[in-house]
Structure formats: C-alpha cells, structure tokens
file protein.cif (mmCIF, C-alpha atoms, pLDDT in the B column; chains and numbers go by the auth columns)
data_run
#
loop_
_atom_site.group_PDB
_atom_site.id
_atom_site.type_symbol
_atom_site.label_atom_id
_atom_site.label_comp_id
_atom_site.label_asym_id
_atom_site.label_seq_id
_atom_site.Cartn_x
_atom_site.Cartn_y
_atom_site.Cartn_z
_atom_site.B_iso_or_equiv
_atom_site.auth_seq_id
_atom_site.auth_asym_id
ATOM 1 C CA MET A 1 -59.652 -88.098 221.854 57.00 216 B
ATOM 2 C CA THR A 2 -57.291 -88.525 218.907 66.00 217 B
ATOM 3 C CA SER A 3 -58.224 -88.228 215.250 77.00 218 B
ATOM 4 C CA SER A 4 -56.730 -89.599 212.050 92.00 219 B
ATOM 5 C CA VAL A 5 -55.903 -87.199 209.244 95.00 220 B
ATOM 6 C CA HIS A 6 -56.176 -87.996 205.556 96.00 221 B
ATOM 7 C CA ASP A 7 -54.941 -85.763 202.718 97.00 222 B
ATOM 8 C CA GLN A 8 -55.892 -86.060 199.079 97.00 223 B
ATOM 9 C CA HIS A 9 -56.290 -84.136 195.848 98.00 224 B
ATOM 10 C CA ILE A 10 -59.600 -84.391 194.015 98.00 225 B
ATOM 11 C CA PRO A 11 -60.677 -83.033 190.618 97.00 226 B
ATOM 12 C CA GLY A 12 -62.429 -79.673 190.689 97.00 227 B
ATOM 13 C CA THR A 13 -64.055 -77.794 187.837 95.00 228 B
ATOM 14 C CA GLN A 14 -60.839 -76.116 186.647 96.00 229 B
ATOM 15 C CA GLY A 15 -58.070 -77.911 188.529 97.00 230 B
ATOM 16 C CA ARG A 16 -57.214 -80.169 191.444 98.00 231 B
ATOM 17 C CA LEU A 17 -58.429 -79.322 194.951 98.00 232 B
ATOM 18 C CA PHE A 18 -56.504 -80.221 198.110 98.00 233 B
ATOM 19 C CA VAL A 19 -58.724 -81.812 200.772 98.00 234 B
ATOM 20 C CA ARG A 20 -57.925 -82.778 204.360 98.00 235 B
ATOM 21 C CA THR A 21 -60.203 -84.945 206.493 97.00 236 B
ATOM 22 C CA TRP A 22 -60.113 -85.425 210.266 97.00 237 B
ATOM 23 C CA THR A 23 -61.873 -88.533 211.591 94.00 238 B
ATOM 24 C CA SER A 24 -62.133 -89.339 215.287 83.00 239 B
ATOM 25 C CA GLU A 25 -61.472 -92.810 216.661 74.00 240 B
ATOM 26 C CA THR A 26 -65.156 -92.954 217.614 70.00 241 B
ATOM 27 C CA ALA A 27 -66.351 -91.527 214.312 62.00 242 B
ATOM 28 C CA SER A 28 -70.090 -91.697 213.895 69.00 243 B
ATOM 29 C CA SER A 29 -72.164 -91.957 210.754 81.00 244 B
ATOM 30 C CA LYS A 30 -73.480 -88.457 211.360 90.00 245 B
ATOM 31 C CA ALA A 31 -73.137 -85.706 208.758 94.00 246 B
ATOM 32 C CA PRO A 32 -69.613 -84.274 208.501 96.00 247 B
ATOM 33 C CA ILE A 33 -68.718 -80.624 209.056 98.00 248 B
ATOM 34 C CA ILE A 34 -67.210 -78.936 205.989 98.00 249 B
ATOM 35 C CA LEU A 35 -64.984 -75.879 206.538 98.00 250 B
ATOM 36 C CA PHE A 36 -64.746 -72.929 204.116 98.00 251 B
ATOM 37 C CA HIS A 37 -61.720 -70.676 204.645 98.00 252 B
ATOM 38 C CA ASP A 38 -61.464 -66.887 204.410 97.00 253 B
ATOM 39 C CA SER A 39 -60.004 -64.718 201.618 95.00 254 B
ATOM 40 C CA LEU A 40 -56.361 -65.357 202.567 95.00 255 B
ATOM 41 C CA GLY A 41 -56.937 -68.729 204.159 97.00 256 B
ATOM 42 C CA SER A 42 -56.057 -72.344 203.497 98.00 257 B
ATOM 43 C CA VAL A 43 -56.371 -75.756 205.100 98.00 258 B
ATOM 44 C CA GLU A 44 -53.152 -75.203 207.041 97.00 259 B
ATOM 45 C CA LEU A 45 -54.362 -71.881 208.431 97.00 260 B
ATOM 46 C CA TRP A 46 -57.208 -73.588 210.303 98.00 261 B
ATOM 47 C CA ARG A 47 -54.371 -74.787 212.568 96.00 262 B
ATOM 48 C CA SER A 48 -55.659 -76.776 215.567 97.00 263 B
ATOM 49 C CA PHE A 49 -59.324 -75.896 215.110 98.00 264 B
ATOM 50 C CA PRO A 50 -60.484 -78.806 212.894 98.00 265 B
ATOM 51 C CA GLN A 51 -58.981 -81.437 215.161 96.00 266 B
ATOM 52 C CA ALA A 52 -60.532 -79.803 218.229 97.00 267 B
ATOM 53 C CA LEU A 53 -63.891 -79.655 216.447 97.00 268 B
ATOM 54 C CA CYS A 54 -63.641 -83.291 215.417 96.00 269 B
ATOM 55 C CA ALA A 55 -62.847 -84.356 218.978 94.00 270 B
ATOM 56 C CA ALA A 56 -65.645 -82.290 220.527 95.00 271 B
ATOM 57 C CA THR A 57 -68.382 -83.309 218.088 95.00 272 B
ATOM 58 C CA GLY A 58 -67.393 -86.863 217.178 93.00 273 B
ATOM 59 C CA ARG A 59 -68.028 -85.882 213.570 95.00 274 B
ATOM 60 C CA THR A 60 -65.716 -86.053 210.601 96.00 275 B
ATOM 61 C CA VAL A 61 -64.378 -82.599 209.687 97.00 276 B
ATOM 62 C CA ILE A 62 -63.441 -81.777 206.098 98.00 277 B
ATOM 63 C CA ALA A 63 -61.500 -78.722 204.923 98.00 278 B
ATOM 64 C CA TYR A 64 -60.412 -77.883 201.394 98.00 279 B
ATOM 65 C CA ASP A 65 -58.275 -75.267 199.702 98.00 280 B
ATOM 66 C CA ARG A 66 -60.344 -73.414 197.166 98.00 281 B
ATOM 67 C CA LEU A 67 -58.894 -73.300 193.678 98.00 282 B
ATOM 68 C CA GLY A 68 -55.962 -70.853 193.675 98.00 283 B
ATOM 69 C CA PHE A 69 -55.287 -71.262 197.399 98.00 284 B
ATOM 70 C CA GLY A 70 -53.010 -73.392 199.556 97.00 285 B
ATOM 71 C CA ARG A 71 -52.122 -76.716 197.961 98.00 286 B
ATOM 72 C CA SER A 72 -54.859 -76.638 195.327 98.00 287 B
ATOM 73 C CA ASP A 73 -53.986 -75.850 191.729 98.00 288 B
ATOM 74 C CA ALA A 74 -53.581 -72.271 190.546 97.00 289 B
ATOM 75 C CA TYR A 75 -56.690 -70.444 189.399 96.00 290 B
ATOM 76 C CA PRO A 76 -56.429 -70.093 185.617 94.00 291 B
ATOM 77 C CA ALA A 77 -57.680 -66.501 185.418 93.00 292 B
ATOM 78 C CA THR A 78 -58.727 -63.456 187.418 94.00 293 B
ATOM 79 C CA LEU A 79 -61.231 -64.331 190.120 95.00 294 B
ATOM 80 C CA PRO A 80 -64.737 -63.517 188.803 96.00 295 B
ATOM 81 C CA LEU A 81 -66.821 -61.095 190.840 96.00 296 B
ATOM 82 C CA ASP A 82 -69.544 -63.713 191.378 97.00 297 B
ATOM 83 C CA PHE A 83 -67.034 -66.048 193.061 97.00 298 B
ATOM 84 C CA ILE A 84 -68.982 -66.232 196.329 98.00 299 B
ATOM 85 C CA ALA A 85 -72.153 -67.595 194.746 98.00 300 B
ATOM 86 C CA ARG A 86 -70.229 -69.601 192.143 97.00 301 B
ATOM 87 C CA GLU A 87 -68.505 -71.779 194.761 97.00 302 B
ATOM 88 C CA ALA A 88 -71.830 -73.535 195.402 97.00 303 B
ATOM 89 C CA THR A 89 -72.244 -74.583 191.784 96.00 304 B
ATOM 90 C CA ASP A 90 -68.605 -75.253 190.928 96.00 305 B
ATOM 91 C CA ASP A 91 -65.993 -76.670 193.300 97.00 306 B
ATOM 92 C CA PHE A 92 -68.232 -77.355 196.295 98.00 307 B
ATOM 93 C CA ALA A 93 -70.488 -79.364 193.991 97.00 308 B
ATOM 94 C CA ALA A 94 -67.418 -81.242 192.754 97.00 309 B
ATOM 95 C CA LEU A 95 -66.291 -81.881 196.350 98.00 310 B
ATOM 96 C CA ILE A 96 -69.516 -83.421 197.625 98.00 311 B
ATOM 97 C CA THR A 97 -69.917 -85.473 194.443 97.00 312 B
ATOM 98 C CA HIS A 98 -66.392 -86.875 194.666 97.00 313 B
ATOM 99 C CA LEU A 99 -66.685 -87.649 198.391 97.00 314 B
ATOM 100 C CA GLY A 100 -70.198 -89.064 198.001 96.00 315 B
ATOM 101 C CA LEU A 101 -71.700 -86.763 200.627 97.00 316 B
ATOM 102 C CA THR A 102 -75.491 -86.732 200.830 95.00 317 B
ATOM 103 C CA GLN A 103 -75.749 -84.732 204.071 97.00 318 B
ATOM 104 C CA PHE A 104 -73.437 -82.185 205.649 98.00 319 B
ATOM 105 C CA ILE A 105 -73.065 -79.260 208.047 98.00 320 B
ATOM 106 C CA LEU A 106 -71.398 -76.147 206.637 98.00 321 B
ATOM 107 C CA PHE A 107 -68.979 -73.881 208.503 98.00 322 B
ATOM 108 C CA GLY A 108 -67.672 -70.722 206.824 98.00 323 B
ATOM 109 C CA HIS A 109 -65.282 -68.062 208.075 98.00 324 B
ATOM 110 C CA SER A 110 -65.399 -64.495 206.673 97.00 325 B
ATOM 111 C CA VAL A 111 -66.011 -64.702 202.909 97.00 326 B
ATOM 112 C CA GLY A 112 -66.387 -68.443 203.437 98.00 327 B
ATOM 113 C CA GLY A 113 -69.494 -67.527 205.428 98.00 328 B
ATOM 114 C CA GLY A 114 -71.064 -66.010 202.343 98.00 329 B
ATOM 115 C CA MET A 115 -70.174 -69.134 200.410 98.00 330 B
ATOM 116 C CA VAL A 116 -71.795 -71.501 202.903 98.00 331 B
ATOM 117 C CA VAL A 117 -74.980 -69.413 202.813 98.00 332 B
ATOM 118 C CA ASN A 118 -75.094 -69.941 199.042 98.00 333 B
ATOM 119 C CA CYS A 119 -74.325 -73.643 199.422 98.00 334 B
ATOM 120 C CA ALA A 120 -77.010 -74.108 202.081 98.00 335 B
ATOM 121 C CA ALA A 121 -79.538 -72.363 199.856 98.00 336 B
ATOM 122 C CA ARG A 122 -78.630 -74.517 196.868 97.00 337 B
ATOM 123 C CA TYR A 123 -78.723 -77.798 198.818 98.00 338 B
ATOM 124 C CA PRO A 124 -81.581 -77.327 201.311 96.00 339 B
ATOM 125 C CA GLU A 125 -82.239 -81.054 201.754 96.00 340 B
ATOM 126 C CA GLN A 126 -78.596 -82.054 202.195 97.00 341 B
ATOM 127 C CA CYS A 127 -77.519 -79.165 204.452 98.00 342 B
ATOM 128 C CA LEU A 128 -78.495 -79.990 208.032 98.00 343 B
ATOM 129 C CA GLY A 129 -76.907 -76.951 209.656 98.00 344 B
ATOM 130 C CA LEU A 130 -75.150 -73.709 208.795 98.00 345 B
ATOM 131 C CA ILE A 131 -72.447 -71.974 210.843 98.00 346 B
ATOM 132 C CA THR A 132 -70.983 -68.599 209.915 98.00 347 B
ATOM 133 C CA VAL A 133 -68.065 -66.979 211.721 98.00 348 B
ATOM 134 C CA ALA A 134 -67.168 -63.323 211.084 98.00 349 B
ATOM 135 C CA ALA A 135 -69.141 -63.510 207.836 98.00 350 B
ATOM 136 C CA GLN A 136 -69.899 -60.477 205.685 97.00 351 B
ATOM 137 C CA ALA A 137 -73.458 -60.141 204.412 97.00 352 B
ATOM 138 C CA PHE A 138 -72.797 -57.035 202.298 97.00 353 B
ATOM 139 C CA ARG A 139 -69.976 -54.646 201.461 94.00 354 B
ATOM 140 C CA GLU A 140 -69.675 -52.211 204.347 92.00 355 B
ATOM 141 C CA ASP A 141 -67.454 -49.157 204.776 91.00 356 B
ATOM 142 C CA ARG A 142 -65.689 -50.910 207.643 89.00 357 B
ATOM 143 C CA THR A 143 -64.912 -53.856 205.367 88.00 358 B
ATOM 144 C CA VAL A 144 -63.471 -51.575 202.707 89.00 359 B
ATOM 145 C CA GLN A 145 -61.394 -49.652 205.245 91.00 360 B
ATOM 146 C CA GLY A 146 -60.001 -52.871 206.712 86.00 361 B
ATOM 147 C CA ILE A 147 -59.005 -54.136 203.263 91.00 362 B
ATOM 148 C CA GLU A 148 -57.413 -50.811 202.329 91.00 363 B
ATOM 149 C CA GLN A 149 -55.344 -50.946 205.511 89.00 364 B
ATOM 150 C CA ALA A 150 -54.333 -54.504 204.690 85.00 365 B
ATOM 151 C CA ARG A 151 -53.315 -53.394 201.191 86.00 366 B
ATOM 152 C CA GLU A 152 -50.911 -50.916 202.752 87.00 367 B
ATOM 153 C CA LEU A 153 -49.552 -53.615 205.065 83.00 368 B
ATOM 154 C CA PHE A 154 -48.873 -55.931 202.138 83.00 369 B
ATOM 155 C CA GLN A 155 -46.744 -53.314 200.415 85.00 370 B
ATOM 156 C CA ASP A 156 -44.074 -54.843 202.617 82.00 371 B
ATOM 157 C CA PRO A 157 -42.528 -57.800 200.704 83.00 372 B
ATOM 158 C CA VAL A 158 -41.972 -59.598 203.990 84.00 373 B
ATOM 159 C CA GLN A 159 -45.742 -59.815 204.491 83.00 374 B
ATOM 160 C CA VAL A 160 -46.203 -61.316 201.026 84.00 375 B
ATOM 161 C CA GLU A 161 -43.443 -63.829 201.792 89.00 376 B
ATOM 162 C CA ARG A 162 -45.315 -64.863 204.930 89.00 377 B
ATOM 163 C CA LEU A 163 -48.408 -65.481 202.799 91.00 378 B
ATOM 164 C CA GLY A 164 -46.245 -67.571 200.489 93.00 379 B
ATOM 165 C CA LYS A 165 -45.644 -70.012 203.333 93.00 380 B
ATOM 166 C CA TYR A 166 -49.236 -71.177 202.849 96.00 381 B
ATOM 167 C CA HIS A 167 -49.901 -70.446 199.168 97.00 382 B
ATOM 168 C CA GLY A 168 -46.483 -70.835 197.516 95.00 383 B
ATOM 169 C CA ASP A 169 -46.077 -68.926 194.277 94.00 384 B
ATOM 170 C CA LYS A 170 -49.836 -68.269 194.270 95.00 385 B
ATOM 171 C CA ALA A 171 -49.513 -65.785 197.154 94.00 386 B
ATOM 172 C CA ARG A 172 -49.679 -62.653 195.001 92.00 387 B
ATOM 173 C CA TRP A 173 -52.739 -63.982 193.163 95.00 388 B
ATOM 174 C CA VAL A 174 -54.428 -64.742 196.504 95.00 389 B
ATOM 175 C CA LEU A 175 -53.748 -61.232 197.741 93.00 390 B
ATOM 176 C CA ASP A 176 -54.895 -59.554 194.539 93.00 391 B
ATOM 177 C CA ALA A 177 -58.017 -61.719 194.372 94.00 392 B
ATOM 178 C CA TRP A 178 -59.051 -60.530 197.838 94.00 393 B
ATOM 179 C CA ILE A 179 -58.276 -56.839 197.439 93.00 394 B
ATOM 180 C CA ASP A 180 -59.282 -56.366 193.805 93.00 395 B
ATOM 181 C CA SER A 181 -62.610 -58.165 194.237 95.00 396 B
ATOM 182 C CA TRP A 182 -63.820 -56.352 197.339 95.00 397 B
ATOM 183 C CA LEU A 183 -62.638 -52.939 196.168 94.00 398 B
ATOM 184 C CA HIS A 184 -63.989 -53.317 192.623 95.00 399 B
ATOM 185 C CA PRO A 185 -66.702 -50.708 191.865 94.00 400 B
ATOM 186 C CA GLU A 186 -69.047 -53.403 190.556 95.00 401 B
ATOM 187 C CA PHE A 187 -68.797 -55.281 193.866 96.00 402 B
ATOM 188 C CA GLU A 188 -70.270 -52.340 195.778 94.00 403 B
ATOM 189 C CA HIS A 189 -73.808 -53.724 195.786 94.00 404 B
ATOM 190 C CA TRP A 190 -72.971 -57.356 196.519 97.00 405 B
ATOM 191 C CA ASN A 191 -75.006 -58.819 199.398 98.00 406 B
ATOM 192 C CA LEU A 192 -76.698 -61.968 200.685 98.00 407 B
ATOM 193 C CA ARG A 193 -80.155 -60.413 201.034 97.00 408 B
ATOM 194 C CA ASP A 194 -81.829 -62.460 198.296 97.00 409 B
ATOM 195 C CA VAL A 195 -80.193 -65.807 199.053 98.00 410 B
ATOM 196 C CA LEU A 196 -80.557 -65.875 202.859 98.00 411 B
ATOM 197 C CA PRO A 197 -84.335 -66.539 202.815 98.00 412 B
ATOM 198 C CA GLU A 198 -83.630 -69.671 200.761 98.00 413 B
ATOM 199 C CA VAL A 199 -81.660 -71.199 203.650 98.00 414 B
ATOM 200 C CA ARG A 200 -83.825 -73.778 205.403 97.00 415 B
ATOM 201 C CA SER A 201 -81.461 -75.335 207.925 98.00 416 B
ATOM 202 C CA PRO A 202 -80.821 -74.020 211.455 98.00 417 B
ATOM 203 C CA ALA A 203 -78.040 -71.446 211.564 98.00 418 B
ATOM 204 C CA LEU A 204 -75.432 -70.504 214.163 98.00 419 B
ATOM 205 C CA VAL A 205 -74.080 -67.014 213.502 98.00 420 B
ATOM 206 C CA ILE A 206 -70.873 -66.104 215.380 98.00 421 B
ATOM 207 C CA HIS A 207 -69.273 -62.666 215.263 98.00 422 B
ATOM 208 C CA GLY A 208 -66.615 -60.829 217.253 97.00 423 B
ATOM 209 C CA SER A 209 -67.649 -57.622 218.988 97.00 424 B
ATOM 210 C CA ASP A 210 -64.508 -55.886 217.696 96.00 425 B
ATOM 211 C CA ASP A 211 -64.362 -57.403 214.201 94.00 426 B
ATOM 212 C CA GLU A 212 -62.275 -55.042 212.073 92.00 427 B
ATOM 213 C CA TYR A 213 -63.921 -56.207 208.828 91.00 428 B
ATOM 214 C CA GLY A 214 -67.599 -56.017 209.768 92.00 429 B
ATOM 215 C CA SER A 215 -69.995 -54.478 212.287 95.00 430 B
ATOM 216 C CA HIS A 216 -72.807 -56.205 214.182 95.00 431 B
ATOM 217 C CA ALA A 217 -75.050 -55.422 211.207 97.00 432 B
ATOM 218 C CA HIS A 218 -73.723 -58.516 209.431 97.00 433 B
ATOM 219 C CA PRO A 219 -74.687 -61.206 211.985 97.00 434 B
ATOM 220 C CA GLU A 220 -77.924 -59.347 212.668 98.00 435 B
ATOM 221 C CA GLN A 221 -78.875 -59.428 208.988 97.00 436 B
ATOM 222 C CA ILE A 222 -77.919 -63.085 208.606 98.00 437 B
ATOM 223 C CA GLY A 223 -79.962 -63.989 211.681 97.00 438 B
ATOM 224 C CA GLN A 224 -82.981 -61.946 210.638 98.00 439 B
ATOM 225 C CA LEU A 225 -83.143 -62.978 206.980 98.00 440 B
ATOM 226 C CA ALA A 226 -82.174 -66.651 207.183 97.00 441 B
ATOM 227 C CA GLY A 227 -85.104 -68.874 206.259 97.00 442 B
ATOM 228 C CA GLY A 228 -84.508 -71.279 209.141 96.00 443 B
ATOM 229 C CA PRO A 229 -84.108 -70.741 212.892 97.00 444 B
ATOM 230 C CA ALA A 230 -81.000 -68.721 213.720 97.00 445 B
ATOM 231 C CA GLN A 231 -78.882 -68.339 216.854 97.00 446 B
ATOM 232 C CA VAL A 232 -76.698 -65.203 216.873 98.00 447 B
ATOM 233 C CA GLU A 233 -73.673 -65.105 219.185 98.00 448 B
ATOM 234 C CA ILE A 234 -71.607 -61.903 219.573 98.00 449 B
ATOM 235 C CA MET A 235 -68.326 -62.756 221.299 97.00 450 B
ATOM 236 C CA PRO A 236 -66.965 -59.948 223.488 97.00 451 B
ATOM 237 C CA GLU A 237 -63.411 -58.641 223.070 97.00 452 B
ATOM 238 C CA THR A 238 -63.024 -60.651 219.866 97.00 453 B
ATOM 239 C CA ARG A 239 -61.887 -59.537 216.436 96.00 454 B
ATOM 240 C CA HIS A 240 -62.065 -61.233 213.016 95.00 455 B
ATOM 241 C CA MET A 241 -60.700 -64.652 214.017 96.00 456 B
ATOM 242 C CA PRO A 242 -62.985 -66.000 216.777 97.00 457 B
ATOM 243 C CA HIS A 243 -62.010 -69.615 216.072 97.00 458 B
ATOM 244 C CA ARG A 244 -58.366 -68.678 216.725 96.00 459 B
ATOM 245 C CA GLU A 245 -58.800 -66.050 219.418 97.00 460 B
ATOM 246 C CA ARG A 246 -61.349 -68.088 221.384 97.00 461 B
ATOM 247 C CA GLU A 247 -61.062 -71.569 219.951 98.00 462 B
ATOM 248 C CA GLU A 248 -62.421 -73.351 223.008 98.00 463 B
ATOM 249 C CA ASP A 249 -65.528 -71.149 223.132 98.00 464 B
ATOM 250 C CA VAL A 250 -66.235 -71.513 219.408 98.00 465 B
ATOM 251 C CA VAL A 251 -65.784 -75.284 219.568 98.00 466 B
ATOM 252 C CA ARG A 252 -68.197 -75.440 222.504 98.00 467 B
ATOM 253 C CA LEU A 253 -70.823 -73.351 220.691 98.00 468 B
ATOM 254 C CA VAL A 254 -70.556 -75.468 217.560 98.00 469 B
ATOM 255 C CA ALA A 255 -70.641 -78.752 219.506 97.00 470 B
ATOM 256 C CA GLU A 256 -73.811 -77.674 221.284 97.00 471 B
ATOM 257 C CA PHE A 257 -75.375 -76.500 218.022 97.00 472 B
ATOM 258 C CA VAL A 258 -74.714 -79.700 216.055 96.00 473 B
ATOM 259 C CA ARG A 259 -75.601 -82.098 218.872 92.00 474 B
ATOM 260 C CA GLU A 260 -79.198 -82.550 217.779 83.00 475 B
ATOM 261 C CA LEU A 261 -78.545 -82.429 214.040 90.00 476 B
ATOM 262 C CA GLY A 262 -78.366 -85.578 211.909 68.00 477 B
#
call {"tool": "encode", "arguments": {"input": "protein.cif", "output": "structure tokens"}}
result
Amino acid sequence: MTSSVHDQHIPGTQGRLFVRTWTSETASSKAPIILFHDSLGSVELWRSFPQALCAATGRTVIAYDRLGFGRSDAYPATLPLDFIAREATDDFAALITHLGLTQFILFGHSVGGGMVVNCAARYPEQCLGLITVAAQAFREDRTVQGIEQARELFQDPVQVERLGKYHGDKARWVLDAWIDSWLHPEFEHWNLRDVLPEVRSPALVIHGSDDEYGSHAHPEQIGQLAGGPAQVEIMPETRHMPHREREEDVVRLVAEFVRELG
C-alpha cells in the first residue's frame, strides 16, 4: 500500500514547526498517530517507520520537528528544564489546534515518550491511545552513564557534522540541549510518577531488553502507574531503537494495539 506525503511549516509558540504527514490511499477517518522524536531526533530520522506504520494501520501518521530540531526554527534560548512537560502546553497544543485534530493516538520514542505521557494526561478525552518506545520515566544511573559516553563520542567533530545532516547549524544546540538537560543537577529528581496516573487511555509500552539508556524499571513503572490499561512489551536482543532495529515487529505491535481504537 502506498502513501502520499505532505510537508508544511506551521506556527508554533516561539517559531515555525516543520510537519510531515503520511496518508494512505485507503485513509480512514480514524484518529491519526502523532510521532514524538527522541533527544537527537527529527522527522527525517524516523526513516521508513512512519510510512510502514501508515500502511499497516490505514491511519494518517504525523511527525513534527520540535522547535530547535530538524527543519523547524531555532530555539531562541537554552532549553528549559521543564521541557518535557512543557511540550504538552506549548507546541503540541499549537500543532493540534492548527491541524484541527480532536482525537489522536500518541507515539513517543525515548524523551518523546515522556512528552506523550504528559500530552495524554493533559488531553484525556482526545487521546485514544498512548505508545511509548524506549521511554525514560525517571533519571537513572544507566541513563546518565549512556549520555556521558555519548558526550565523549561527540568530542569528535565528525560526529557533530553527522548530526548537522539532520539539524543544520542547530546541531550543536541539539547536542547541548540533550546533554546539559539530563546531566543538570536540578534534573536529578525529574520523573513521570505524578503525571502517569492522569493518563486515561490504553497504553502500549515497548522497551528493548538491552536498552543502553534505561533498564526494565522504566517500562515497568509506566505500566504500573498509568491510569488506563497498559500492555508492556520487552523486546529481546534490542537496544534503544526498537522501531529501527525491529521495525516490522514494532509496526505489528502498534497495528494490533490501535486496531480497536477510534
């Protein structure tokens, strides 16, 4: 099944946001799936996944570059430490208003998983389903160690140049926003414990058994504390990118999960 792709820029709270939409040739009127990328991610870095998801579900798939990332405008300042919760009230709110979305299914990878939890909690009537992949629910030693190792890797200018392929001259800001936020002393006690019970929709929680940025404690906590029914899937021999490492399996899990949703 083929899908059409539409690109646009829409106004966000502090700048323009780049949005890409995949619509299948048999597109239904069912709620679209909205993708939230990780700390170094962008629309382009979803690669083939959105199209595969669109084809398998028959739903429209929407991905956007958060402000400061990809083809969206530069972020005008240092990323605030409440950026995970703030996405629900700022640019995500602008996105659904501009696109006229009254119902949706949310899919978040890594830090995007924390964002979709906040969005689902804020919009309990509109959010029909929640999917997290390799999401962090709190700051864990493993997360910190993984980021510190990445900081050493990005001492190599070649690695920063590779990031620039997706973020242009915003690459250094993207990198600093990730590292400086998660390693900031005041971020030590960040977690999703209080917001998870406010989620009302069904949740699919996917995590790799060998995720270098988070142990099984993260999906377990999301599954246990979410206010709606939760399905936790630990994928064997999988690291932090299940949708890339095992795209077919993730697409199948998501397609099965959303089948009975509106």
call {"tool": "residues_around", "arguments": {"input": "protein.cif", "residues": "Phe233 of chain B", "least_positions_apart": "2", "cutoff": "8 Å", "atoms": "only C-alpha atoms", "output": "ChimeraX atom specification"}}
result
/B:222-225,231,235,279-281,285-287
call {"tool": "closest_residue", "arguments": {"input": "protein.cif", "among": "B:Arg262, B:His324, B:Arg415, B:Arg354", "to": "Leu398 of chain B", "atoms": "only C-alpha atoms"}}
result
B:Arg354
call {"tool": "residues_near_point", "arguments": {"input": "protein.cif", "point": "(-53.6, -62.3, 195.7)", "cutoff": "12 Å", "atoms": "only C-alpha atoms", "output": "ChimeraX atom specification"}}
result
/B:254-256,283-285,289-290,292-294,365-366,369,375-376,378-379,382-397
call {"tool": "closest_residue", "arguments": {"input": "protein.cif", "among": "B:Leu260, B:Thr275, B:Glu302, B:Glu355", "to": "Phe402 of chain B", "atoms": "all atoms listed in the file"}}
result
B:Glu355
call {"tool": "atom_distance", "arguments": {"input": "protein.cif", "atom1": "atom CA of Pro339 of chain B", "atom2": "atom CA of Gly442 of chain B"}}
result
10.4 Å
call {"tool": "residues_around", "arguments": {"input": "protein.cif", "residues": "Phe319 of chain B", "least_positions_apart": "3", "cutoff": "12 Å", "atoms": "only C-alpha atoms", "output": "number ranges by chain"}}
result
B: 244-250, 274-277, 307, 310-311, 314-316, 322, 331, 334-335, 338-346, 416, 473, 476-477
call {"tool": "build_atoms", "arguments": {"input": "protein.cif", "residues": "segment 320-334 of chain B", "atoms": "N, CA, C and O atoms", "output": "mmCIF file, in the coordinates of the input"}}
result
data_model
loop_
_atom_site.group_PDB
_atom_site.id
_atom_site.type_symbol
_atom_site.label_atom_id
_atom_site.label_comp_id
_atom_site.auth_asym_id
_atom_site.auth_seq_id
_atom_site.Cartn_x
_atom_site.Cartn_y
_atom_site.Cartn_z
ATOM 1 N N ILE B 320 -72.932 -80.504 207.288
ATOM 2 C CA ILE B 320 -73.065 -79.260 208.047
ATOM 3 C C ILE B 320 -71.989 -78.334 207.529
ATOM 4 O O ILE B 320 -70.833 -78.742 207.355
ATOM 5 N N LEU B 321 -72.325 -77.080 207.265
ATOM 6 C CA LEU B 321 -71.398 -76.147 206.637
ATOM 7 C C LEU B 321 -70.918 -75.104 207.631
ATOM 8 O O LEU B 321 -71.711 -74.549 208.396
ATOM 9 N N PHE B 322 -69.613 -74.841 207.595
ATOM 10 C CA PHE B 322 -68.979 -73.881 208.503
ATOM 11 C C PHE B 322 -68.116 -72.946 207.654
ATOM 12 O O PHE B 322 -67.168 -73.396 206.997
ATOM 13 N N GLY B 323 -68.428 -71.655 207.642
ATOM 14 C CA GLY B 323 -67.672 -70.722 206.824
ATOM 15 C C GLY B 323 -67.176 -69.530 207.607
ATOM 16 O O GLY B 323 -67.930 -68.905 208.356
ATOM 17 N N HIS B 324 -65.878 -69.219 207.423
ATOM 18 C CA HIS B 324 -65.282 -68.062 208.075
ATOM 19 C C HIS B 324 -65.132 -66.921 207.085
ATOM 20 O O HIS B 324 -64.651 -67.115 205.965
ATOM 21 N N SER B 325 -65.542 -65.707 207.472
ATOM 22 C CA SER B 325 -65.399 -64.495 206.673
ATOM 23 C C SER B 325 -66.094 -64.676 205.324
ATOM 24 O O SER B 325 -67.277 -64.997 205.280
ATOM 25 N N VAL B 326 -65.366 -64.521 204.209
ATOM 26 C CA VAL B 326 -66.011 -64.702 202.909
ATOM 27 C C VAL B 326 -66.518 -66.134 202.750
ATOM 28 O O VAL B 326 -67.492 -66.385 202.034
ATOM 29 N N GLY B 327 -65.883 -67.074 203.440
ATOM 30 C CA GLY B 327 -66.387 -68.443 203.437
ATOM 31 C C GLY B 327 -67.786 -68.531 204.016
ATOM 32 O O GLY B 327 -68.552 -69.441 203.683
ATOM 33 N N GLY B 328 -68.141 -67.573 204.888
ATOM 34 C CA GLY B 328 -69.494 -67.527 205.428
ATOM 35 C C GLY B 328 -70.521 -67.221 204.352
ATOM 36 O O GLY B 328 -71.608 -67.801 204.326
ATOM 37 N N GLY B 329 -70.176 -66.292 203.458
ATOM 38 C CA GLY B 329 -71.064 -66.010 202.343
ATOM 39 C C GLY B 329 -71.208 -67.212 201.431
ATOM 40 O O GLY B 329 -72.291 -67.474 200.879
ATOM 41 N N MET B 330 -70.121 -67.944 201.261
ATOM 42 C CA MET B 330 -70.174 -69.134 200.410
ATOM 43 C C MET B 330 -71.061 -70.212 201.005
ATOM 44 O O MET B 330 -71.846 -70.846 200.287
ATOM 45 N N VAL B 331 -70.970 -70.442 202.319
ATOM 46 C CA VAL B 331 -71.795 -71.501 202.903
ATOM 47 C C VAL B 331 -73.271 -71.124 202.884
ATOM 48 O O VAL B 331 -74.140 -71.997 202.789
ATOM 49 N N VAL B 332 -73.585 -69.835 202.966
ATOM 50 C CA VAL B 332 -74.980 -69.413 202.813
ATOM 51 C C VAL B 332 -75.498 -69.816 201.434
ATOM 52 O O VAL B 332 -76.602 -70.362 201.291
ATOM 53 N N ASN B 333 -74.695 -69.562 200.394
ATOM 54 C CA ASN B 333 -75.094 -69.941 199.042
ATOM 55 C C ASN B 333 -75.202 -71.456 198.889
ATOM 56 O O ASN B 333 -76.117 -71.959 198.231
ATOM 57 N N CYS B 334 -74.280 -72.184 199.505
ATOM 58 C CA CYS B 334 -74.325 -73.643 199.422
ATOM 59 C C CYS B 334 -75.544 -74.204 200.150
ATOM 60 O O CYS B 334 -76.205 -75.133 199.659
#
